[in-house]
Each structure stands twice: as structure tokens, then as C-alpha cells.
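The next block is protein.pdb, given as PDB, N, CA and C atoms.
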MODEL        1
ATOM      1  N   MET A   1      46.029  62.703   8.763
ATOM      2  CA  MET A   1      45.744  62.351   7.384
ATOM      3  C   MET A   1      47.027  62.428   6.568
ATOM      4  N   ILE A   2      47.105  61.526   5.614
ATOM      5  CA  ILE A   2      48.157  61.538   4.605
ATOM      6  C   ILE A   2      47.516  62.160   3.373
ATOM      7  N   GLY A   3      48.198  63.081   2.737
ATOM      8  CA  GLY A   3      47.563  63.742   1.616
ATOM      9  C   GLY A   3      48.537  64.306   0.612
ATOM     10  N   PRO A   4      47.984  65.070  -0.321
ATOM     11  CA  PRO A   4      48.781  65.599  -1.417
ATOM     12  C   PRO A   4      49.672  66.761  -0.989
ATOM     13  N   ASP A   5      50.662  67.003  -1.815
ATOM     14  CA  ASP A   5      51.566  68.110  -1.572
ATOM     15  C   ASP A   5      51.230  69.286  -2.495
ATOM     16  N   ARG A   6      51.351  69.082  -3.805
ATOM     17  CA  ARG A   6      51.137  70.186  -4.750
ATOM     18  C   ARG A   6      50.122  69.881  -5.849
ATOM     19  N   ASN A   7      49.733  68.633  -6.012
ATOM     20  CA  ASN A   7      48.823  68.259  -7.092
ATOM     21  C   ASN A   7      47.470  68.941  -6.886
ATOM     22  N   ARG A   8      47.096  69.794  -7.817
ATOM     23  CA  ARG A   8      45.890  70.617  -7.641
ATOM     24  C   ARG A   8      44.602  69.810  -7.548
ATOM     25  N   SER A   9      44.473  68.776  -8.372
ATOM     26  CA  SER A   9      43.229  67.998  -8.302
ATOM     27  C   SER A   9      43.135  67.239  -6.981
ATOM     28  N   ASP A  10      44.263  66.743  -6.484
ATOM     29  CA  ASP A  10      44.250  66.051  -5.194
ATOM     30  C   ASP A  10      44.009  67.031  -4.048
ATOM     31  N   LEU A  11      44.563  68.230  -4.144
ATOM     32  CA  LEU A  11      44.306  69.254  -3.117
ATOM     33  C   LEU A  11      42.832  69.652  -3.120
ATOM     34  N   ALA A  12      42.217  69.714  -4.296
ATOM     35  CA  ALA A  12      40.785  70.007  -4.382
ATOM     36  C   ALA A  12      39.972  68.903  -3.714
ATOM     37  N   MET A  13      40.426  67.646  -3.839
ATOM     38  CA  MET A  13      39.749  66.537  -3.182
ATOM     39  C   MET A  13      39.802  66.708  -1.663
ATOM     40  N   VAL A  14      40.947  67.125  -1.142
ATOM     41  CA  VAL A  14      41.087  67.359   0.299
ATOM     42  C   VAL A  14      40.118  68.452   0.738
ATOM     43  N   GLU A  15      39.973  69.480  -0.076
ATOM     44  CA  GLU A  15      39.022  70.555   0.231
ATOM     45  C   GLU A  15      37.600  70.000   0.331
ATOM     46  N   ARG A  16      37.229  69.106  -0.591
ATOM     47  CA  ARG A  16      35.888  68.514  -0.564
ATOM     48  C   ARG A  16      35.673  67.637   0.662
ATOM     49  N   LEU A  17      36.747  67.168   1.260
ATOM     50  CA  LEU A  17      36.637  66.336   2.467
ATOM     51  C   LEU A  17      36.393  67.176   3.714
ATOM     52  N   GLY A  18      36.257  68.457   3.561
ATOM     53  CA  GLY A  18      35.987  69.293   4.721
ATOM     54  C   GLY A  18      37.061  70.331   4.956
ATOM     55  N   GLY A  19      37.868  70.555   3.956
ATOM     56  CA  GLY A  19      38.841  71.626   4.056
ATOM     57  C   GLY A  19      39.949  71.383   5.057
ATOM     58  N   LEU A  20      40.371  70.154   5.178
ATOM     59  CA  LEU A  20      41.490  69.848   6.061
ATOM     60  C   LEU A  20      42.688  70.692   5.636
ATOM     61  N   ALA A  21      43.200  71.480   6.561
ATOM     62  CA  ALA A  21      44.314  72.372   6.238
ATOM     63  C   ALA A  21      45.537  71.560   5.818
ATOM     64  N   ARG A  22      46.176  72.027   4.776
ATOM     65  CA  ARG A  22      47.334  71.333   4.218
ATOM     66  C   ARG A  22      48.408  71.114   5.279
ATOM     67  N   ASP A  23      48.604  72.077   6.160
ATOM     68  CA  ASP A  23      49.642  71.946   7.186
ATOM     69  C   ASP A  23      49.271  70.965   8.294
ATOM     70  N   ARG A  24      48.037  70.459   8.269
ATOM     71  CA  ARG A  24      47.619  69.457   9.260
ATOM     72  C   ARG A  24      47.841  68.033   8.763
ATOM     73  N   LEU A  25      48.263  67.893   7.526
ATOM     74  CA  LEU A  25      48.556  66.560   6.987
ATOM     75  C   LEU A  25      49.872  66.078   7.588
ATOM     76  N   VAL A  26      49.877  64.850   8.084
ATOM     77  CA  VAL A  26      51.099  64.323   8.708
ATOM     78  C   VAL A  26      52.159  63.967   7.673
ATOM     79  N   LEU A  27      51.715  63.708   6.445
ATOM     80  CA  LEU A  27      52.642  63.427   5.357
ATOM     81  C   LEU A  27      52.025  63.987   4.092
ATOM     82  N   ARG A  28      52.814  64.730   3.332
ATOM     83  CA  ARG A  28      52.345  65.296   2.068
ATOM     84  C   ARG A  28      53.223  64.768   0.943
ATOM     85  N   THR A  29      52.593  64.108   0.002
ATOM     86  CA  THR A  29      53.281  63.616  -1.187
ATOM     87  C   THR A  29      52.258  63.505  -2.304
ATOM     88  N   ASP A  30      52.680  63.706  -3.513
ATOM     89  CA  ASP A  30      51.784  63.575  -4.655
ATOM     90  C   ASP A  30      51.800  62.168  -5.238
ATOM     91  N   SER A  31      52.469  61.256  -4.570
ATOM     92  CA  SER A  31      52.547  59.870  -5.022
ATOM     93  C   SER A  31      51.460  59.040  -4.327
ATOM     94  N   HIS A  32      50.502  58.570  -5.096
ATOM     95  CA  HIS A  32      49.437  57.746  -4.513
ATOM     96  C   HIS A  32      49.975  56.439  -3.922
ATOM     97  N   PRO A  33      50.920  55.758  -4.597
ATOM     98  CA  PRO A  33      51.498  54.567  -3.961
ATOM     99  C   PRO A  33      52.178  54.892  -2.628
ATOM    100  N   ALA A  34      52.772  56.066  -2.515
ATOM    101  CA  ALA A  34      53.388  56.461  -1.243
ATOM    102  C   ALA A  34      52.328  56.679  -0.171
ATOM    103  N   HIS A  35      51.158  57.195  -0.546
ATOM    104  CA  HIS A  35      50.056  57.347   0.413
ATOM    105  C   HIS A  35      49.696  55.984   1.004
ATOM    106  N   VAL A  36      49.531  55.004   0.120
ATOM    107  CA  VAL A  36      49.140  53.661   0.564
ATOM    108  C   VAL A  36      50.243  53.038   1.423
ATOM    109  N   ALA A  37      51.485  53.181   1.004
ATOM    110  CA  ALA A  37      52.603  52.622   1.767
ATOM    111  C   ALA A  37      52.682  53.258   3.158
ATOM    112  N   ALA A  38      52.466  54.561   3.224
ATOM    113  CA  ALA A  38      52.514  55.245   4.527
ATOM    114  C   ALA A  38      51.363  54.791   5.419
ATOM    115  N   ALA A  39      50.179  54.617   4.854
ATOM    116  CA  ALA A  39      49.043  54.122   5.644
ATOM    117  C   ALA A  39      49.328  52.710   6.146
ATOM    118  N   ARG A  40      49.888  51.879   5.279
ATOM    119  CA  ARG A  40      50.232  50.507   5.664
ATOM    120  C   ARG A  40      51.244  50.510   6.812
ATOM    121  N   ALA A  41      52.133  51.505   6.814
ATOM    122  CA  ALA A  41      53.165  51.610   7.857
ATOM    123  C   ALA A  41      52.631  52.256   9.140
ATOM    124  N   GLY A  42      51.364  52.693   9.116
ATOM    125  CA  GLY A  42      50.773  53.260  10.319
ATOM    126  C   GLY A  42      50.979  54.756  10.495
ATOM    127  N   VAL A  43      51.393  55.435   9.435
ATOM    128  CA  VAL A  43      51.652  56.875   9.522
ATOM    129  C   VAL A  43      50.360  57.663   9.704
ATOM    130  N   GLY A  44      49.281  57.222   9.070
ATOM    131  CA  GLY A  44      48.015  57.941   9.162
ATOM    132  C   GLY A  44      46.971  57.328   8.262
ATOM    133  N   ILE A  45      45.907  58.076   8.032
ATOM    134  CA  ILE A  45      44.805  57.650   7.172
ATOM    135  C   ILE A  45      45.032  58.244   5.790
ATOM    136  N   ALA A  46      44.844  57.441   4.759
ATOM    137  CA  ALA A  46      45.040  57.896   3.385
ATOM    138  C   ALA A  46      43.809  57.592   2.551
ATOM    139  N   VAL A  47      43.639  58.341   1.496
ATOM    140  CA  VAL A  47      42.616  58.045   0.498
ATOM    141  C   VAL A  47      43.260  57.128  -0.527
ATOM    142  N   ALA A  48      42.581  56.033  -0.846
ATOM    143  CA  ALA A  48      43.094  55.097  -1.843
ATOM    144  C   ALA A  48      41.937  54.623  -2.711
ATOM    145  N   GLN A  49      42.253  54.201  -3.900
ATOM    146  CA  GLN A  49      41.230  53.606  -4.746
ATOM    147  C   GLN A  49      40.727  52.337  -4.059
ATOM    148  N   VAL A  50      39.436  52.128  -4.106
ATOM    149  CA  VAL A  50      38.828  50.984  -3.414
ATOM    150  C   VAL A  50      39.494  49.661  -3.794
ATOM    151  N   PRO A  51      39.686  49.349  -5.081
ATOM    152  CA  PRO A  51      40.312  48.063  -5.419
ATOM    153  C   PRO A  51      41.726  47.926  -4.846
ATOM    154  N   VAL A  52      42.463  49.010  -4.780
ATOM    155  CA  VAL A  52      43.816  48.972  -4.216
ATOM    156  C   VAL A  52      43.744  48.631  -2.734
ATOM    157  N   GLY A  53      42.879  49.313  -2.018
ATOM    158  CA  GLY A  53      42.743  49.060  -0.585
ATOM    159  C   GLY A  53      42.215  47.673  -0.270
ATOM    160  N   GLU A  54      41.269  47.201  -1.071
ATOM    161  CA  GLU A  54      40.690  45.881  -0.811
ATOM    162  C   GLU A  54      41.682  44.749  -1.054
ATOM    163  N   ARG A  55      42.663  44.963  -1.921
ATOM    164  CA  ARG A  55      43.661  43.919  -2.191
ATOM    165  C   ARG A  55      44.676  43.793  -1.067
ATOM    166  N   ASP A  56      44.753  44.781  -0.201
ATOM    167  CA  ASP A  56      45.780  44.787   0.834
ATOM    168  C   ASP A  56      45.163  44.421   2.181
ATOM    169  N   PRO A  57      45.453  43.231   2.718
ATOM    170  CA  PRO A  57      44.841  42.806   3.980
ATOM    171  C   PRO A  57      45.293  43.641   5.184
ATOM    172  N   ASN A  58      46.333  44.455   5.018
ATOM    173  CA  ASN A  58      46.810  45.290   6.119
ATOM    174  C   ASN A  58      46.117  46.643   6.187
ATOM    175  N   LEU A  59      45.233  46.912   5.247
ATOM    176  CA  LEU A  59      44.502  48.177   5.241
ATOM    177  C   LEU A  59      43.047  47.939   5.610
ATOM    178  N   VAL A  60      42.458  48.893   6.291
ATOM    179  CA  VAL A  60      41.061  48.812   6.712
ATOM    180  C   VAL A  60      40.336  50.035   6.176
ATOM    181  N   ARG A  61      39.217  49.818   5.531
ATOM    182  CA  ARG A  61      38.419  50.940   5.018
ATOM    183  C   ARG A  61      37.678  51.559   6.197
ATOM    184  N   VAL A  62      37.998  52.810   6.515
ATOM    185  CA  VAL A  62      37.431  53.428   7.712
ATOM    186  C   VAL A  62      36.159  54.227   7.451
ATOM    187  N   LEU A  63      35.922  54.654   6.231
ATOM    188  CA  LEU A  63      34.702  55.399   5.896
ATOM    189  C   LEU A  63      34.043  54.776   4.666
ATOM    190  N   PRO A  64      33.449  53.590   4.833
ATOM    191  CA  PRO A  64      32.940  52.857   3.666
ATOM    192  C   PRO A  64      31.812  53.564   2.924
ATOM    193  N   ASP A  65      31.104  54.464   3.576
ATOM    194  CA  ASP A  65      29.995  55.146   2.904
ATOM    195  C   ASP A  65      30.413  56.441   2.224
ATOM    196  N   LEU A  66      31.681  56.797   2.331
ATOM    197  CA  LEU A  66      32.166  58.039   1.746
ATOM    198  C   LEU A  66      32.834  57.772   0.401
ATOM    199  N   ASP A  67      32.258  58.332  -0.653
ATOM    200  CA  ASP A  67      32.883  58.298  -1.970
ATOM    201  C   ASP A  67      33.610  59.622  -2.144
ATOM    202  N   VAL A  68      34.909  59.582  -2.043
ATOM    203  CA  VAL A  68      35.699  60.799  -2.118
ATOM    204  C   VAL A  68      35.663  61.373  -3.526
ATOM    205  N   MET A  69      35.868  60.511  -4.494
ATOM    206  CA  MET A  69      35.934  60.970  -5.868
ATOM    207  C   MET A  69      35.659  59.794  -6.787
ATOM    208  N   VAL A  70      34.900  60.041  -7.823
ATOM    209  CA  VAL A  70      34.672  59.030  -8.844
ATOM    210  C   VAL A  70      35.525  59.427 -10.041
ATOM    211  N   LEU A  71      36.382  58.526 -10.460
ATOM    212  CA  LEU A  71      37.288  58.808 -11.569
ATOM    213  C   LEU A  71      36.827  58.085 -12.822
ATOM    214  N   GLU A  72      36.659  58.824 -13.886
ATOM    215  CA  GLU A  72      36.372  58.192 -15.163
ATOM    216  C   GLU A  72      37.652  57.555 -15.686
ATOM    217  N   THR A  73      37.499  56.449 -16.346
ATOM    218  CA  THR A  73      38.655  55.786 -16.945
ATOM    219  C   THR A  73      38.447  55.713 -18.444
ATOM    220  N   TRP A  74      39.411  56.195 -19.157
ATOM    221  CA  TRP A  74      39.382  56.155 -20.615
ATOM    222  C   TRP A  74      40.482  55.217 -21.074
ATOM    223  N   ILE A  75      40.129  54.312 -21.959
ATOM    224  CA  ILE A  75      41.120  53.427 -22.569
ATOM    225  C   ILE A  75      41.147  53.795 -24.044
ATOM    226  N   VAL A  76      42.273  54.326 -24.470
ATOM    227  CA  VAL A  76      42.357  54.842 -25.832
ATOM    228  C   VAL A  76      43.572  54.291 -26.555
ATOM    229  N   THR A  77      43.491  54.332 -27.845
ATOM    230  CA  THR A  77      44.621  53.975 -28.693
ATOM    231  C   THR A  77      44.533  54.797 -29.971
ATOM    232  N   HIS A  78      45.612  54.914 -30.644
ATOM    233  CA  HIS A  78      45.611  55.606 -31.932
ATOM    234  C   HIS A  78      44.759  54.794 -32.898
ATOM    235  N   GLU A  79      44.023  55.506 -33.745
ATOM    236  CA  GLU A  79      43.118  54.815 -34.666
ATOM    237  C   GLU A  79      43.837  53.829 -35.577
ATOM    238  N   ASN A  80      45.089  54.076 -35.902
ATOM    239  CA  ASN A  80      45.844  53.151 -36.757
ATOM    240  C   ASN A  80      46.173  51.845 -36.039
ATOM    241  N   LEU A  81      46.190  51.873 -34.731
ATOM    242  CA  LEU A  81      46.528  50.663 -33.965
ATOM    243  C   LEU A  81      45.294  49.865 -33.528
ATOM    244  N   ALA A  82      44.138  50.459 -33.607
ATOM    245  CA  ALA A  82      42.923  49.825 -33.078
ATOM    246  C   ALA A  82      42.603  48.492 -33.731
ATOM    247  N   ARG A  83      43.054  48.288 -34.957
ATOM    248  CA  ARG A  83      42.746  47.047 -35.670
ATOM    249  C   ARG A  83      43.902  46.041 -35.667
ATOM    250  N   VAL A  84      45.009  46.392 -35.054
ATOM    251  CA  VAL A  84      46.128  45.455 -34.934
ATOM    252  C   VAL A  84      45.705  44.388 -33.922
ATOM    253  N   PRO A  85      45.697  43.114 -34.310
ATOM    254  CA  PRO A  85      45.139  42.074 -33.434
ATOM    255  C   PRO A  85      45.696  42.060 -32.009
ATOM    256  N   ARG A  86      46.982  42.166 -31.826
ATOM    257  CA  ARG A  86      47.520  42.088 -30.462
ATOM    258  C   ARG A  86      47.148  43.333 -29.649
ATOM    259  N   VAL A  87      47.083  44.499 -30.295
ATOM    260  CA  VAL A  87      46.653  45.721 -29.601
ATOM    261  C   VAL A  87      45.175  45.602 -29.255
ATOM    262  N   ARG A  88      44.385  45.123 -30.193
ATOM    263  CA  ARG A  88      42.942  44.954 -29.964
ATOM    264  C   ARG A  88      42.699  43.973 -28.815
ATOM    265  N   ALA A  89      43.492  42.895 -28.747
ATOM    266  CA  ALA A  89      43.332  41.906 -27.672
ATOM    267  C   ALA A  89      43.609  42.535 -26.306
ATOM    268  N   VAL A  90      44.670  43.317 -26.209
ATOM    269  CA  VAL A  90      44.990  43.996 -24.944
ATOM    270  C   VAL A  90      43.895  44.998 -24.611
ATOM    271  N   PHE A  91      43.485  45.765 -25.598
ATOM    272  CA  PHE A  91      42.447  46.773 -25.422
ATOM    273  C   PHE A  91      41.170  46.125 -24.883
ATOM    274  N   ASP A  92      40.701  45.075 -25.557
ATOM    275  CA  ASP A  92      39.470  44.387 -25.143
ATOM    276  C   ASP A  92      39.603  43.794 -23.745
ATOM    277  N   SER A  93      40.767  43.240 -23.434
ATOM    278  CA  SER A  93      40.992  42.684 -22.104
ATOM    279  C   SER A  93      40.922  43.774 -21.030
ATOM    280  N   LEU A  94      41.536  44.908 -21.298
ATOM    281  CA  LEU A  94      41.481  46.024 -20.348
ATOM    282  C   LEU A  94      40.048  46.506 -20.133
ATOM    283  N   VAL A  95      39.311  46.646 -21.217
ATOM    284  CA  VAL A  95      37.915  47.094 -21.109
ATOM    285  C   VAL A  95      37.114  46.125 -20.247
ATOM    286  N   GLU A  96      37.247  44.841 -20.508
ATOM    287  CA  GLU A  96      36.495  43.847 -19.727
ATOM    288  C   GLU A  96      36.927  43.842 -18.262
ATOM    289  N   SER A  97      38.223  43.955 -18.010
ATOM    290  CA  SER A  97      38.714  43.980 -16.628
ATOM    291  C   SER A  97      38.174  45.178 -15.860
ATOM    292  N   PHE A  98      38.164  46.335 -16.511
ATOM    293  CA  PHE A  98      37.631  47.527 -15.848
ATOM    294  C   PHE A  98      36.126  47.400 -15.621
ATOM    295  N   ARG A  99      35.419  46.794 -16.546
ATOM    296  CA  ARG A  99      33.977  46.569 -16.348
ATOM    297  C   ARG A  99      33.731  45.682 -15.129
ATOM    298  N   GLU A 100      34.480  44.576 -15.054
ATOM    299  CA  GLU A 100      34.328  43.667 -13.925
ATOM    300  C   GLU A 100      34.664  44.371 -12.608
ATOM    301  N   MET A 101      35.717  45.143 -12.609
ATOM    302  CA  MET A 101      36.116  45.854 -11.405
ATOM    303  C   MET A 101      35.055  46.864 -10.984
ATOM    304  N   SER A 102      34.456  47.555 -11.949
ATOM    305  CA  SER A 102      33.450  48.556 -11.607
ATOM    306  C   SER A 102      32.183  47.911 -11.072
ATOM    307  N   ARG A 103      31.890  46.703 -11.505
ATOM    308  CA  ARG A 103      30.708  45.993 -10.989
ATOM    309  C   ARG A 103      30.913  45.519  -9.556
ATOM    310  N   SER A 104      32.158  45.257  -9.190
ATOM    311  CA  SER A 104      32.432  44.718  -7.850
ATOM    312  C   SER A 104      32.562  45.814  -6.789
ATOM    313  N   VAL A 105      32.632  47.049  -7.212
ATOM    314  CA  VAL A 105      32.799  48.153  -6.262
ATOM    315  C   VAL A 105      31.471  48.727  -5.877
TER
ENDMDL
END
Now that the file is in, can you turn its structure into C-alpha cells?
Amino acid sequence: MIGPDRNRSDLAMVERLGGLARDRLVLRTDSHPAHVAAARAGVGIAVAQVPVGERDPNLVRVLPDLDVMVLETWIVTHENLARVPRVRAVFDSLVESFREMSRSV
């Protein structure tokens, strides 16, 4: 397994996966993109966000019925910027994109 090094929330996720000992991880890094890159290179199995893994034809989802973690996504802006048209346009686009992505997963 490829996994976290020091990030506490990611280490807690590893614990929920069955307590895989940290020293049994073949690669430890707190960089999620590095996890995916290492899996793509054949180093081991990594946890990745479903949309990230599905976009990469070189990755195969090995445990499709396992939801490791559900992450809430918050899209926020300062109240003074919420009514600025270009900020509002980006904000609304992000909200819609995340909605579409959540429906497809």
C-alpha cells in the first residue's frame, strides 16, 4: 500500500482500513498527487478520489464497493465578494460542477 506519512487525518483513514501498520506501507508521503503517481508507476495500491482515478486510464479501481472516506466540500467566499459578478460566476460554476460530479459517483 501507498499511504500517508504524518498527516493525522490520512493516518486515521489508514486505521479505518484495518489498521495497516505504517511501517508496512511501501511508500509514505502526505502528497495525494504523489500517491496517484506512484500507483500509476506500479509502486503499489493507493487511495484516490474516485473522479481522479476514473480520469486516468492507467489506474484500476480494485475495491469498488469500499468507500474509504466521504469528504464534504465547502465552496466559500468573503461576503463582500459574493455579489461581484465575476466571482459569483466562478462560484456558481464550481457549485454546479461539484453537483454534477457528485451525481456521477
Neighbour list for stretch 70-85 of chain A as a list in words, cut-off 8 Å, all atoms listed in the file, skip fewer than 6 positions in-chain
Phe91, Leu94 and Val95 of chain A
Please return as a ChimeraX atom specification: the residues of chain A that backbone DSSP assigns to strand (DSSP E).
/A:2-3,27-28
Let's see if you can do this: from backbone DSSP, list all alpha helix (DSSP H) residues in chain A, as number ranges by chain.
A: 8-16, 32-40, 50-55, 85-104
Work out how far atom CA of A:Met69 is from atom CA of A:Ser9, in Å to one decimal.
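Between atom CA of A:Ser9 and atom CA of A:Met69 the gap works out to 10.4 Å.
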Using the chain letters and numbers from this file, what does the PyMOL selection byres ((chain A and resi 46-48) around 6.5) select? Give the answer as a PDB file with N, CA and C atoms, keeping the file's coordinate frame.
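Output contents, as saved in result-v4.pdb:
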ATOM      1  N   MET A   1      46.029  62.703   8.763  1.00  0.00           N
ATOM      2  CA  MET A   1      45.744  62.351   7.384  1.00  0.00           C
ATOM      3  C   MET A   1      47.027  62.428   6.568  1.00  0.00           C
ATOM      4  N   ILE A   2      47.105  61.526   5.614  1.00  0.00           N
ATOM      5  CA  ILE A   2      48.157  61.538   4.605  1.00  0.00           C
ATOM      6  C   ILE A   2      47.516  62.160   3.373  1.00  0.00           C
ATOM      7  N   GLY A   3      48.198  63.081   2.737  1.00  0.00           N
ATOM      8  CA  GLY A   3      47.563  63.742   1.616  1.00  0.00           C
ATOM      9  C   GLY A   3      48.537  64.306   0.612  1.00  0.00           C
ATOM     10  N   HIS A  35      51.158  57.195  -0.546  1.00  0.00           N
ATOM     11  CA  HIS A  35      50.056  57.347   0.413  1.00  0.00           C
ATOM     12  C   HIS A  35      49.696  55.984   1.004  1.00  0.00           C
ATOM     13  N   VAL A  36      49.531  55.004   0.120  1.00  0.00           N
ATOM     14  CA  VAL A  36      49.140  53.661   0.564  1.00  0.00           C
ATOM     15  C   VAL A  36      50.243  53.038   1.423  1.00  0.00           C
ATOM     16  N   ALA A  39      50.179  54.617   4.854  1.00  0.00           N
ATOM     17  CA  ALA A  39      49.043  54.122   5.644  1.00  0.00           C
ATOM     18  C   ALA A  39      49.328  52.710   6.146  1.00  0.00           C
ATOM     19  N   GLY A  44      49.281  57.222   9.070  1.00  0.00           N
ATOM     20  CA  GLY A  44      48.015  57.941   9.162  1.00  0.00           C
ATOM     21  C   GLY A  44      46.971  57.328   8.262  1.00  0.00           C
ATOM     22  N   ILE A  45      45.907  58.076   8.032  1.00  0.00           N
ATOM     23  CA  ILE A  45      44.805  57.650   7.172  1.00  0.00           C
ATOM     24  C   ILE A  45      45.032  58.244   5.790  1.00  0.00           C
ATOM     25  N   GLN A  49      42.253  54.201  -3.900  1.00  0.00           N
ATOM     26  CA  GLN A  49      41.230  53.606  -4.746  1.00  0.00           C
ATOM     27  C   GLN A  49      40.727  52.337  -4.059  1.00  0.00           C
ATOM     28  N   VAL A  50      39.436  52.128  -4.106  1.00  0.00           N
ATOM     29  CA  VAL A  50      38.828  50.984  -3.414  1.00  0.00           C
ATOM     30  C   VAL A  50      39.494  49.661  -3.794  1.00  0.00           C
ATOM     31  N   PRO A  51      39.686  49.349  -5.081  1.00  0.00           N
ATOM     32  CA  PRO A  51      40.312  48.063  -5.419  1.00  0.00           C
ATOM     33  C   PRO A  51      41.726  47.926  -4.846  1.00  0.00           C
ATOM     34  N   VAL A  52      42.463  49.010  -4.780  1.00  0.00           N
ATOM     35  CA  VAL A  52      43.816  48.972  -4.216  1.00  0.00           C
ATOM     36  C   VAL A  52      43.744  48.631  -2.734  1.00  0.00           C
ATOM     37  N   GLY A  53      42.879  49.313  -2.018  1.00  0.00           N
ATOM     38  CA  GLY A  53      42.743  49.060  -0.585  1.00  0.00           C
ATOM     39  C   GLY A  53      42.215  47.673  -0.270  1.00  0.00           C
TER      40      GLY A  53
END
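For the residues A:Arg86, A:Arg6, A:Arg16, A:Arg28, ranking by smallest atom-to-atom distance to A:Val68 using all atoms listed in the file places A:Arg16 first.
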